[in-house]
$ cat data_13.cif   # mmCIF, C-alpha atoms
data_model
#
loop_
_atom_site.label_atom_id
_atom_site.label_comp_id
_atom_site.auth_asym_id
_atom_site.auth_seq_id
_atom_site.Cartn_x
_atom_site.Cartn_y
_atom_site.Cartn_z
CA MET A 193 38.21 24.02 26.43
CA GLY A 194 35.31 25.69 28.06
CA VAL A 195 31.61 25.37 28.30
CA VAL A 196 28.97 28.03 28.54
CA ILE A 197 27.28 28.08 31.89
CA ALA A 198 23.97 29.85 32.25
CA ILE A 199 22.29 30.33 35.59
CA THR A 200 18.62 31.05 35.45
CA ARG A 201 16.82 33.11 38.03
CA ALA A 202 13.87 30.77 38.18
CA ASP A 203 16.00 27.73 38.81
CA THR A 204 19.57 28.19 39.97
CA ARG A 205 20.79 24.84 38.72
CA MET A 206 23.58 25.24 36.23
CA VAL A 207 22.83 24.64 32.61
CA VAL A 208 25.67 23.30 30.55
CA CYS A 209 25.31 23.74 26.84
CA PRO A 210 28.01 22.77 24.37
CA PRO A 211 29.24 25.94 22.68
CA LEU A 212 29.33 25.86 18.94
CA ARG A 213 33.07 26.35 18.99
CA MET A 214 33.38 22.81 20.37
CA VAL A 215 31.27 21.51 17.53
CA ARG A 216 33.16 23.58 15.00
CA GLU A 217 36.53 22.37 16.21
CA GLY A 218 35.41 18.79 16.12
CA ILE A 219 35.69 18.49 19.87
CA LEU A 220 32.15 17.19 19.93
CA GLU A 221 31.57 14.28 17.65
CA ASP A 222 28.51 14.32 15.46
CA LEU A 223 27.03 11.45 17.35
CA LYS A 224 28.13 12.20 20.87
CA PRO A 225 25.02 12.18 23.02
CA HIS A 226 24.14 15.67 24.11
CA ALA A 227 24.13 16.26 27.84
CA VAL A 228 20.59 17.51 28.08
CA GLU A 229 19.61 18.28 31.63
CA PRO A 230 15.86 18.33 31.96
CA PHE A 231 15.34 20.92 34.66
CA ALA A 232 11.82 21.73 33.63
CA GLU A 233 8.89 19.40 33.28
CA PRO A 234 11.02 16.35 34.04
CA ALA A 235 8.07 13.99 33.77
CA SER A 236 7.57 14.67 30.09
CA ALA A 237 11.27 14.78 29.43
CA ASN A 238 11.71 11.29 30.80
CA GLU A 239 8.84 9.72 28.96
CA THR A 240 9.82 6.82 26.78
CA ARG A 241 9.55 7.47 23.08
CA GLY A 242 8.86 4.49 20.91
CA THR A 243 10.67 3.99 17.66
CA PRO A 244 8.53 2.56 14.88
CA ASP A 245 9.36 -1.09 14.46
CA ASP A 246 9.98 -0.84 10.77
CA GLU A 247 12.48 1.98 11.19
CA LEU A 248 14.25 0.05 13.91
CA ALA A 249 14.40 -2.96 11.60
CA LEU A 250 15.74 -0.77 8.81
CA ILE A 251 18.51 0.77 10.89
CA ARG A 252 19.42 -2.64 12.28
CA ALA A 253 19.63 -4.04 8.76
CA THR A 254 21.67 -1.01 7.73
CA ALA A 255 24.08 -1.76 10.55
CA LYS A 256 24.60 -5.19 8.95
CA GLY A 257 25.38 -3.58 5.60
CA ASP A 258 22.00 -4.05 3.95
CA ARG A 259 22.10 -1.51 1.12
CA ALA A 260 18.40 -1.91 0.27
CA ALA A 261 17.36 -1.13 3.84
CA PHE A 262 19.59 1.91 3.82
CA LYS A 263 18.07 3.05 0.52
CA THR A 264 14.64 2.88 2.13
CA LEU A 265 15.86 5.02 5.00
CA TYR A 266 17.48 7.39 2.53
CA ASP A 267 14.29 7.76 0.54
CA ARG A 268 12.35 8.35 3.72
CA TYR A 269 14.66 10.83 5.42
CA ALA A 270 16.67 12.59 2.72
CA PRO A 271 13.76 14.88 1.72
CA ARG A 272 13.07 15.85 5.35
CA LEU A 273 16.72 16.38 6.18
CA GLY A 274 17.20 18.27 2.94
CA ARG A 275 14.28 20.56 3.68
CA TYR A 276 15.68 21.34 7.13
CA LEU A 277 19.17 21.93 5.76
CA LEU A 278 17.89 24.05 2.89
CA ARG A 279 16.04 26.34 5.26
CA LEU A 280 19.07 26.70 7.50
CA LEU A 281 21.77 26.94 4.87
CA LYS A 282 19.65 28.78 2.27
CA ARG A 283 21.85 27.42 -0.51
CA ARG A 284 20.17 24.70 -2.49
CA GLU A 285 23.38 23.74 -4.30
CA VAL A 286 25.07 22.50 -1.13
CA VAL A 287 22.12 20.64 0.37
CA GLY A 288 22.61 17.36 -1.48
CA GLU A 289 26.17 17.02 -0.29
CA VAL A 290 25.32 17.82 3.32
CA VAL A 291 22.38 15.38 3.26
CA ASN A 292 24.80 12.73 2.07
CA ASP A 293 27.23 13.73 4.82
CA VAL A 294 24.46 13.02 7.32
CA MET A 295 23.40 9.76 5.74
CA LEU A 296 26.99 8.56 5.49
CA VAL A 297 27.31 9.00 9.24
CA ALA A 298 24.08 7.01 9.59
CA TRP A 299 25.49 4.24 7.35
CA GLN A 300 28.75 4.07 9.24
CA SER A 301 27.28 4.43 12.72
CA ALA A 302 23.98 2.58 12.43
CA ALA A 303 25.17 0.00 14.95
CA ARG A 304 25.59 2.77 17.49
CA TYR A 305 22.00 3.96 17.26
CA GLU A 306 20.23 3.34 20.56
CA PRO A 307 16.44 3.38 20.23
CA ARG A 308 15.88 3.82 23.96
CA ALA A 309 17.89 7.04 23.93
CA SER A 310 16.14 8.80 21.07
CA ARG A 311 13.86 8.39 18.13
CA LEU A 312 15.58 7.67 14.85
CA SER A 313 14.38 11.00 13.48
CA SER A 314 15.91 12.88 16.42
CA TRP A 315 19.18 11.01 15.96
CA LEU A 316 19.34 11.86 12.27
CA PHE A 317 18.27 15.46 12.72
CA GLY A 318 20.86 15.85 15.49
CA ILE A 319 23.54 14.78 13.04
CA ALA A 320 22.06 17.10 10.42
CA HIS A 321 22.01 20.03 12.84
CA ASN A 322 25.71 19.66 13.61
CA LYS A 323 26.55 19.18 9.94
CA ALA A 324 24.58 22.34 9.14
CA LEU A 325 26.53 24.35 11.70
CA LYS A 326 29.80 23.09 10.28
CA ALA A 327 28.65 23.84 6.74
CA MET A 328 27.66 27.37 7.74
CA GLU A 329 31.07 27.84 9.28
CA ARG A 330 32.69 26.68 6.05
CA MET A 331 30.46 29.03 4.09
CA GLY A 332 31.72 31.90 6.19
CA ALA A 333 28.76 32.53 8.44
CA ARG A 334 29.27 35.45 10.74
CA LYS A 335 30.37 34.45 14.19
CA GLU A 336 27.54 36.33 15.86
CA ASP A 337 25.04 34.34 13.84
CA LEU A 338 26.28 31.14 15.41
CA LEU A 339 26.59 32.35 18.99
CA ASP A 340 24.77 30.58 21.75
CA GLU A 341 22.09 33.12 22.43
CA GLU A 342 20.68 30.95 25.17
CA ALA A 343 23.78 31.52 27.25
CA THR A 344 22.89 35.13 27.66
CA GLU A 345 19.26 35.32 26.67
CA ASP A 346 17.08 33.49 29.09
CA PHE A 347 13.41 34.09 29.16
CA ALA A 348 13.44 34.62 32.89
CA SER A 349 16.41 36.95 32.89
CA ARG A 350 15.65 39.13 29.91
CA ASP A 351 16.55 42.69 30.70
CA ASP A 352 14.75 44.61 28.00
CA GLY A 353 11.63 44.89 30.11
CA ALA A 354 9.47 43.50 27.36
CA THR A 355 6.47 41.46 28.37
CA PRO A 356 5.62 38.51 26.19
CA GLU A 357 2.72 40.45 24.71
CA GLN A 358 5.02 43.29 23.67
CA THR A 359 6.86 40.90 21.38
CA ALA A 360 3.65 39.96 19.60
CA ILE A 361 4.05 40.01 15.86
CA GLY A 362 0.46 40.85 15.18
CA HIS A 363 -1.57 39.39 12.39
CA GLN A 364 0.59 38.84 9.33
CA THR A 365 0.06 37.21 6.01
CA GLY A 366 1.76 33.90 5.34
CA ALA A 367 3.95 35.47 2.67
CA ALA A 368 5.19 38.18 5.03
CA LEU A 369 5.91 35.62 7.73
CA LEU A 370 7.69 33.32 5.32
CA SER A 371 9.82 36.20 4.14
CA ALA A 372 10.63 37.19 7.71
CA LEU A 373 11.54 33.58 8.56
CA GLU A 374 14.30 33.85 5.96
CA GLY A 375 15.82 36.61 8.04
CA LEU A 376 16.05 34.65 11.27
CA SER A 377 19.41 33.58 12.63
CA PRO A 378 20.23 29.89 12.11
CA ASN A 379 19.59 28.93 15.72
CA HIS A 380 16.22 30.67 15.75
CA ARG A 381 15.26 29.28 12.37
CA ALA A 382 16.23 25.82 13.59
CA VAL A 383 13.79 25.76 16.49
CA ILE A 384 10.98 27.15 14.36
CA GLU A 385 11.57 24.61 11.60
CA LEU A 386 11.91 21.68 13.95
CA ALA A 387 8.76 22.68 15.82
CA PHE A 388 6.54 23.36 12.85
CA ALA A 389 7.98 21.70 9.75
CA GLU A 390 8.96 18.55 11.64
CA ASP A 391 6.43 18.73 14.49
CA CYS A 392 9.13 18.04 17.07
CA SER A 393 8.39 18.34 20.77
CA TYR A 394 10.60 20.64 22.78
CA GLN A 395 12.27 17.54 24.24
CA GLU A 396 13.18 16.37 20.75
CA ILE A 397 14.44 19.81 19.79
CA ALA A 398 16.60 19.78 22.92
CA GLU A 399 18.09 16.45 21.81
CA ILE A 400 18.65 17.61 18.26
CA THR A 401 20.21 20.96 19.10
CA GLY A 402 22.01 19.74 22.19
CA CYS A 403 20.55 22.27 24.56
CA PRO A 404 18.47 22.17 27.75
CA LEU A 405 14.70 22.13 27.57
CA ASN A 406 14.27 25.66 28.91
CA THR A 407 16.72 26.92 26.35
CA VAL A 408 14.55 25.54 23.58
CA LYS A 409 11.56 27.49 24.86
CA THR A 410 13.74 30.54 25.31
CA ARG A 411 14.95 30.26 21.74
CA MET A 412 11.37 30.06 20.56
CA PHE A 413 10.60 33.21 22.50
CA HIS A 414 13.57 35.03 21.02
CA ALA A 415 12.77 33.73 17.56
CA ARG A 416 9.36 35.35 17.93
CA LYS A 417 10.98 38.54 19.11
CA GLN A 418 13.39 38.56 16.19
CA LEU A 419 10.50 37.91 13.80
CA ALA A 420 8.53 40.80 15.30
CA ARG A 421 11.50 43.08 14.73
CA LEU A 422 12.00 41.89 11.17
CA LEU A 423 8.34 42.34 10.33
CA ALA A 424 8.31 45.81 11.88
CA GLU A 425 11.37 46.79 9.84
CA ARG A 426 9.84 45.51 6.64
CA SER A 427 6.57 47.25 7.23
CA GLY A 428 8.40 50.53 7.93
CA ARG A 429 7.33 50.82 11.51
CA MET B 281 -2.79 39.53 38.34
CA THR B 282 -1.38 37.64 41.32
CA ALA B 283 2.22 36.46 41.34
CA GLU B 284 1.08 32.86 41.00
CA ARG B 285 -1.24 33.67 38.12
CA SER B 286 1.50 35.70 36.49
CA ARG B 287 3.90 32.80 36.79
CA GLN B 288 1.30 30.43 35.36
CA HIS B 289 0.62 32.85 32.51
CA GLU B 290 4.30 33.02 31.64
CA LEU B 291 4.67 29.22 31.71
CA VAL B 292 1.69 28.79 29.42
CA PHE B 293 2.83 31.58 27.15
CA ARG B 294 6.18 29.82 26.65
CA SER B 295 4.51 26.49 25.94
CA LEU B 296 2.06 27.79 23.33
CA PRO B 297 4.21 26.89 20.27
CA PHE B 298 4.31 23.29 21.43
CA TYR B 299 0.60 23.31 22.10
CA ALA B 300 0.18 24.66 18.56
CA ASN B 301 2.14 21.73 17.10
CA GLY B 302 0.36 19.20 19.31
CA THR B 303 3.41 17.77 21.05
CA LEU B 304 2.69 18.58 24.70
CA ASN B 305 1.90 15.61 26.91
CA PRO B 306 -1.64 15.21 28.30
CA GLN B 307 -0.76 16.73 31.67
CA GLU B 308 0.81 19.80 30.09
CA THR B 309 -2.05 20.09 27.66
CA GLY B 310 -4.60 19.98 30.47
CA GLN B 311 -2.83 22.68 32.48
CA LEU B 312 -2.44 24.86 29.43
CA GLU B 313 -6.05 24.54 28.33
CA ALA B 314 -7.27 25.38 31.83
CA HIS B 315 -5.36 28.67 31.66
CA LEU B 316 -6.10 29.29 28.01
CA ALA B 317 -9.87 29.21 28.52
CA GLY B 318 -9.73 32.36 30.63
CA CYS B 319 -6.81 34.23 29.06
CA LEU B 320 -7.52 36.34 25.99
CA SER B 321 -3.86 37.23 25.67
CA CYS B 322 -2.81 33.58 25.37
CA GLN B 323 -5.69 32.87 22.99
CA ALA B 324 -4.51 35.66 20.69
CA GLU B 325 -0.93 34.47 20.97
CA LEU B 326 -1.96 30.95 20.04
CA VAL B 327 -3.57 32.24 16.86
CA ARG B 328 -0.32 34.00 15.98
CA TRP B 329 1.73 30.85 16.62
CA ARG B 330 -0.59 28.90 14.37
CA ASP B 331 -0.12 31.50 11.63
CA LEU B 332 3.62 31.16 12.07
CA ALA B 333 3.39 27.37 12.00
CA ALA B 334 1.48 27.51 8.73
CA ALA B 335 4.09 29.85 7.25
CA ALA B 336 6.94 27.56 8.35
CA ARG B 337 5.20 24.55 6.83
CA SER B 338 4.88 26.32 3.50
CA GLY B 339 8.60 26.99 3.14
CA PRO B 340 10.85 25.64 0.37
CA GLU B 341 11.11 21.88 -0.10
CA TRP B 342 13.98 19.69 -1.25
CA SER B 343 14.15 16.19 -2.61
CA PRO B 344 17.16 14.11 -3.65
CA SER B 345 17.89 13.51 -7.32
CA PRO B 346 19.09 10.18 -8.72
CA ALA B 347 22.52 11.79 -8.90
CA ASP B 348 22.42 12.45 -5.15
CA TRP B 349 21.75 8.76 -4.47
CA ALA B 350 24.48 7.75 -6.93
CA ALA B 351 26.90 10.02 -5.08
CA MET B 352 25.74 8.48 -1.81
CA GLU B 353 26.42 4.96 -3.06
CA SER B 354 29.83 6.01 -4.30
CA ARG B 355 30.68 7.45 -0.90
CA ILE B 356 29.48 4.29 0.81
CA ASP B 357 31.67 2.20 -1.48
CA ARG B 358 34.67 4.36 -0.68
CA ALA B 359 33.87 4.33 3.02
CA ASP B 360 33.60 0.56 3.00
CA GLY B 361 36.87 0.22 1.17
CA ARG B 362 35.14 -1.41 -1.77
CA ALA B 363 35.86 1.37 -4.20
CA ARG B 364 37.16 0.29 -7.57
CA ASP B 365 39.04 3.24 -8.98
CA THR B 366 39.88 1.52 -12.25
CA PRO B 367 38.93 -2.02 -13.15
CA ILE B 368 41.85 -4.41 -13.43
CA GLY B 369 42.39 -5.22 -17.10
CA PHE B 370 42.39 -8.70 -18.61
CA ARG B 371 46.08 -8.51 -19.43
CA GLU B 372 46.95 -7.52 -15.87
CA THR B 373 44.86 -10.43 -14.58
CA ILE B 374 46.62 -12.94 -16.84
CA ARG B 375 50.01 -11.48 -16.05
CA SER B 376 49.43 -11.69 -12.31
CA TRP B 377 48.12 -15.27 -12.64
CA PHE B 378 51.21 -16.29 -14.61
CA ALA B 379 53.41 -14.76 -11.96
CA ILE B 380 52.11 -17.09 -9.27
CA ALA B 381 51.05 -20.23 -11.21
CA PRO B 382 53.33 -23.32 -11.21
CA ALA B 383 55.26 -23.91 -14.45
CA PRO B 384 53.28 -27.02 -15.62
CA MET B 385 50.02 -25.14 -15.21
CA ARG B 386 51.40 -22.20 -17.19
CA TRP B 387 52.32 -24.54 -20.11
CA ALA B 388 48.90 -26.24 -20.00
CA PHE B 389 47.16 -22.87 -20.06
CA ALA B 390 49.29 -21.69 -22.98
CA ALA B 391 48.53 -24.89 -24.96
CA GLN B 392 44.79 -24.52 -24.35
CA ALA B 393 44.89 -20.89 -25.41
CA ALA B 394 46.72 -21.82 -28.62
CA LEU B 395 44.14 -24.51 -29.38
CA VAL B 396 41.30 -22.04 -28.87
CA VAL B 397 42.93 -19.61 -31.29
CA VAL B 398 43.39 -22.31 -33.94
CA LEU B 399 39.79 -23.55 -33.66
CA ALA B 400 38.40 -20.04 -33.75
CA GLY B 401 40.42 -19.32 -36.87
CA ALA B 402 39.14 -22.47 -38.53
CA LEU B 403 35.55 -21.51 -37.81
CA LEU B 404 35.83 -17.91 -38.94
CA PHE B 405 37.86 -18.44 -42.11
CA ARG B 406 36.27 -21.42 -43.84
CA PRO B 407 37.90 -21.82 -47.25
CA GLY B 408 35.94 -21.64 -50.46
CA GLY B 409 32.76 -19.84 -49.91
CA ALA B 410 30.79 -16.98 -48.50
CA ARG B 411 29.82 -17.11 -44.85
CA ILE B 412 26.32 -18.43 -44.34
CA TYR B 413 23.92 -16.45 -42.12
CA GLU B 414 21.48 -18.77 -40.46
CA THR B 415 18.91 -18.62 -37.75
CA LEU B 416 17.23 -21.46 -35.94
CA SER B 417 14.10 -20.70 -37.94
CA THR B 418 15.86 -20.86 -41.27
CA PRO B 419 17.96 -24.00 -41.37
CA GLU B 420 17.48 -23.96 -45.10
CA LYS B 421 16.11 -21.68 -47.74
CA VAL B 422 12.51 -20.74 -47.04
CA ALA B 423 10.22 -22.78 -49.24
CA PRO B 424 7.32 -21.17 -50.98
CA SER B 425 3.98 -21.75 -49.28
CA ASP B 426 0.31 -21.03 -49.82
CA ARG B 427 -0.05 -20.14 -46.13
CA ALA B 428 -0.51 -16.52 -45.06
CA ARG B 429 2.66 -14.78 -43.91
CA LEU B 430 3.47 -11.61 -42.07
CA HIS B 431 6.54 -9.47 -41.65
CA VAL B 432 6.91 -8.72 -37.96
CA VAL B 433 9.28 -6.54 -35.95
CA PHE B 434 9.38 -7.15 -32.21
CA ALA B 435 10.03 -4.48 -29.60
CA GLU B 436 13.72 -4.05 -28.75
CA ASP B 437 13.09 -4.92 -25.13
CA ALA B 438 10.93 -7.96 -25.94
CA THR B 439 12.16 -11.04 -24.11
CA GLU B 440 12.29 -14.51 -25.58
CA ARG B 441 9.26 -15.44 -23.50
CA GLU B 442 7.31 -12.42 -24.79
CA ILE B 443 8.20 -13.22 -28.40
CA ARG B 444 7.10 -16.82 -27.86
CA ALA B 445 3.83 -15.66 -26.28
CA ALA B 446 3.16 -13.29 -29.19
CA LEU B 447 3.73 -16.06 -31.70
CA GLN B 448 1.51 -18.46 -29.79
CA ASP B 449 -1.18 -15.80 -29.66
CA LEU B 450 -1.08 -15.53 -33.46
CA LYS B 451 -0.59 -19.31 -33.83
CA ALA B 452 2.36 -18.35 -36.00
CA VAL B 453 5.80 -19.84 -36.57
CA ILE B 454 8.94 -18.07 -37.66
CA VAL B 455 9.96 -19.10 -41.15
CA TYR B 456 12.68 -16.54 -41.67
CA GLY B 457 14.55 -13.97 -39.69
CA PRO B 458 15.69 -11.91 -38.16
CA SER B 459 16.76 -10.04 -41.25
CA PRO B 460 19.64 -7.57 -40.93
CA THR B 461 17.01 -4.95 -40.11
CA GLY B 462 15.36 -7.13 -37.48
CA VAL B 463 12.37 -8.28 -39.52
CA TYR B 464 10.95 -11.77 -38.96
CA THR B 465 8.74 -13.58 -41.47
CA VAL B 466 6.08 -15.63 -39.70
CA GLU B 467 3.64 -18.09 -41.16
CA LEU B 468 0.02 -18.19 -40.06
CA PRO B 469 -2.24 -21.30 -39.86
CA PHE B 470 -4.55 -20.36 -42.70
CA ALA B 471 -4.39 -19.81 -46.42
CA ALA B 472 -2.92 -16.63 -47.91
CA SER B 473 -6.23 -16.06 -49.66
CA ALA B 474 -8.17 -15.75 -46.39
CA ARG B 475 -8.08 -11.95 -46.30
CA GLU B 476 -10.46 -11.52 -43.39
CA GLN B 477 -8.44 -13.87 -41.16
CA LEU B 478 -5.26 -12.11 -42.21
CA ASP B 479 -6.68 -8.68 -41.33
CA GLN B 480 -7.72 -10.02 -37.93
CA ALA B 481 -4.23 -11.44 -37.38
CA ILE B 482 -2.66 -8.11 -38.33
CA ALA B 483 -4.96 -6.26 -35.94
CA ARG B 484 -4.14 -8.75 -33.20
CA ALA B 485 -0.42 -8.34 -33.82
CA LYS B 486 -0.65 -4.55 -33.77
CA ALA B 487 -2.49 -4.71 -30.46
CA ASN B 488 0.45 -6.49 -28.89
CA VAL B 489 2.79 -3.94 -27.28
CA LYS B 490 5.76 -6.18 -27.93
CA ILE B 491 5.17 -6.08 -31.70
CA ARG B 492 6.28 -2.82 -33.30
CA PHE B 493 5.34 -3.66 -36.87
CA ALA B 494 3.14 -6.21 -38.64
CA ALA B 495 2.26 -6.30 -42.34
CA PRO B 496 1.97 -8.81 -45.18
CA PRO B 497 5.12 -9.27 -47.28
CA GLY B 498 5.42 -7.43 -50.55
#

$ encode --input "data_13.cif" --output "structure tokens"
Amino acid sequence: MGVVIAITRADTRMVVCPPLRMVREGILEDLKPHAVEPFAEPASANETRGTPDDELALIRATAKGDRAAFKTLYDRYAPRLGRYLLRLLKRREVVGEVVNDVMLVAWQSAARYEPRASRLSSWLFGIAHNKALKAMERMGARKEDLLDEEATEDFASRDDGATPEQTAIGHQTGAALLSALEGLSPNHRAVIELAFAEDCSYQEIAEITGCPLNTVKTRMFHARKQLARLLAERSGR
Amino acid sequence: MTAERSRQHELVFRSLPFYANGTLNPQETGQLEAHLAGCLSCQAELVRWRDLAAAARSGPEWSPSPADWAAMESRIDRADGRARDTPIGFRETIRSWFAIAPAPMRWAFAAQAALVVVLAGALLFRPGGARIYETLSTPEKVAPSDRARLHVVFAEDATEREIRAALQDLKAVIVYGPSPTGVYTVELPFAASAREQLDQAIARAKANVKIRFAAPPG
């Protein structure tokens, strides 16, 4: 079993990110806390995030087998989880089952939820993210689509000589952008969706995707780059 | 651009998506805004991130169907070991009870069951006459009356309380029914010749959502 080790030029501390193979092979459990090492902006990374009292009460009641409390959580989160999964998996017919996979884990593991470690939404989306990767694997996603780009693509060590401005996508219509978003790789789509559809902070995205903080920002950068390329291709440039 | 300013520019540039979604902490926000005020490149980039954010927010939605929740409940039942693949039949229940019950209790149960069968038979097959269909409102044949009457059909989902309330509202009593088609005959507290009062009662009955039909007999 191995792990991917990336060494950044800006900060030579090692970054350990669980490779997807470990997730795929079930080596990492859905709920295993991700070893996120906050090597950038540690102050914000360590800030305590409050969990809304009612959600904490609901998950506690769920842990005791309260079906009504669980139904409330289901009604609250299934649409959000489903939206995220739909945009990653792009197959509406499988979304319901994967949402239920996620919520079943929540039902069975509610007692293990630790509010001081993460917000309930981050916990659920983390489960959903791993379930999505497994579903994509089952659906025959290409291996390169599921590679850990962050292991080799760090913002500080990019070797294509592009400045941030050179990756600018220019002014685009919403329809063109939405169409280009469909062409993003799952990992790039994930950070975009979590940031903008779910309004997650980069700390939350790090928790959900199981990667270091800098990697999240790097993925955003590369998502932008990939979008710029897709838009250029579609406009015939 | 100095090395320090270049480094600062790059840090801000990387943080712009999280400034666009409003999730940076106050310290990060302050540092970013200080740089942003004097950097046209970052200002332009922020506009592009906001366009992208708007596009992402307008993507396809999903919501669970009742079938999804039903499937969820089924999976929970299975996961909890409470799944009932096929309900245990009455015969299987009796058979398993007999297998473990003491002999005297088995005989007592058998005697009670036989008695129930005999009594039921006696009730259902009374010799010498047609079976009589009665309701609590018709203990005997309905006598003719000079009071106004209505034929009324209540909603299928009307509860006993709702039927009682409807009757009290009309100051009516049931004198016959339900008929095989579900029609009740109710008697009103005024003479059959009082047409105006009858029309008002009919209108009142038709206004009640738990009454599907109301009309004078005949």

$ atom_distance --input "data_13.cif" --atom1 "CA of Leu386 (chain A)" --atom2 "CA of Ser345 (chain B)"
23.6 Å

$ resolve_selection --input "data_13.cif" --expression "the PyMOL selection byres ((chain B) within 8 of (chain A))" --output "PDB file with C-alpha atoms, keeping the file's coordinate frame"
ATOM      1  CA  GLU B 290       4.300  33.020  31.640  1.00  0.00           C
ATOM      2  CA  PHE B 293       2.830  31.580  27.150  1.00  0.00           C
ATOM      3  CA  ARG B 294       6.180  29.820  26.650  1.00  0.00           C
ATOM      4  CA  SER B 295       4.510  26.490  25.940  1.00  0.00           C
ATOM      5  CA  PRO B 297       4.210  26.890  20.270  1.00  0.00           C
ATOM      6  CA  PHE B 298       4.310  23.290  21.430  1.00  0.00           C
ATOM      7  CA  ASN B 301       2.140  21.730  17.100  1.00  0.00           C
ATOM      8  CA  GLY B 302       0.360  19.200  19.310  1.00  0.00           C
ATOM      9  CA  THR B 303       3.410  17.770  21.050  1.00  0.00           C
ATOM     10  CA  LEU B 304       2.690  18.580  24.700  1.00  0.00           C
ATOM     11  CA  ASN B 305       1.900  15.610  26.910  1.00  0.00           C
ATOM     12  CA  SER B 321      -3.860  37.230  25.670  1.00  0.00           C
ATOM     13  CA  GLU B 325      -0.930  34.470  20.970  1.00  0.00           C
ATOM     14  CA  ARG B 328      -0.320  34.000  15.980  1.00  0.00           C
ATOM     15  CA  ASP B 331      -0.120  31.500  11.630  1.00  0.00           C
ATOM     16  CA  LEU B 332       3.620  31.160  12.070  1.00  0.00           C
ATOM     17  CA  ALA B 333       3.390  27.370  12.000  1.00  0.00           C
ATOM     18  CA  ALA B 334       1.480  27.510   8.730  1.00  0.00           C
ATOM     19  CA  ALA B 335       4.090  29.850   7.250  1.00  0.00           C
ATOM     20  CA  ALA B 336       6.940  27.560   8.350  1.00  0.00           C
ATOM     21  CA  ARG B 337       5.200  24.550   6.830  1.00  0.00           C
ATOM     22  CA  SER B 338       4.880  26.320   3.500  1.00  0.00           C
ATOM     23  CA  GLY B 339       8.600  26.990   3.140  1.00  0.00           C
ATOM     24  CA  PRO B 340      10.850  25.640   0.370  1.00  0.00           C
ATOM     25  CA  GLU B 341      11.110  21.880  -0.100  1.00  0.00           C
ATOM     26  CA  TRP B 342      13.980  19.690  -1.250  1.00  0.00           C
ATOM     27  CA  SER B 343      14.150  16.190  -2.610  1.00  0.00           C
ATOM     28  CA  PRO B 344      17.160  14.110  -3.650  1.00  0.00           C
ATOM     29  CA  ASP B 348      22.420  12.450  -5.150  1.00  0.00           C
ATOM     30  CA  ALA B 351      26.900  10.020  -5.080  1.00  0.00           C
ATOM     31  CA  MET B 352      25.740   8.480  -1.810  1.00  0.00           C
ATOM     32  CA  ARG B 355      30.680   7.450  -0.900  1.00  0.00           C
ATOM     33  CA  ILE B 356      29.480   4.290   0.810  1.00  0.00           C
TER      34      ILE B 356
END

$ atom_distance --input "data_13.cif" --atom1 "CA of Pro404 (chain A)" --atom2 "CA of Leu325 (chain A)"
18.1 Å

$ atom_distance --input "data_13.cif" --atom1 "CA of Leu296 (chain B)" --atom2 "CA of Asn379 (chain A)"
19.1 Å

$ resolve_selection --input "data_13.cif" --expression "the PyMOL selection byres ((chain B and resi 497) around 12)" --output "list in words"
Ala428, Arg429, Leu430, His431, Val432, Tyr456, Val463, Tyr464, Thr465, Val466, Glu467, Ala472, Leu478, Ile482, Phe493, Ala494, Ala495, Pro496 and Gly498 of chain B

$ closest_residue --input "data_13.cif" --among "A:Ala249, A:Ala309, A:Leu281, A:Leu376" --to "Gly332 (chain A)" --atoms "all atoms listed in the file"
A:Leu281

$ residues_around --input "data_13.cif" --residues "Ala255 (chain A)" --least-positions-apart "3" --cutoff "7 Å" --atoms "all atoms listed in the file" --output "list in words"
Ile251, Arg252, Trp299, Ala302 and Ala303 of chain A

$ write_last_selection --input "data_13.cif" --atoms "C-alpha atoms" --output "PDB file, in the coordinates of the input"
ATOM      1  CA  ILE A 251      18.510   0.770  10.890  1.00  0.00           C
ATOM      2  CA  ARG A 252      19.420  -2.640  12.280  1.00  0.00           C
ATOM      3  CA  TRP A 299      25.490   4.240   7.350  1.00  0.00           C
ATOM      4  CA  ALA A 302      23.980   2.580  12.430  1.00  0.00           C
ATOM      5  CA  ALA A 303      25.170   0.000  14.950  1.00  0.00           C
TER       6      ALA A 303
END
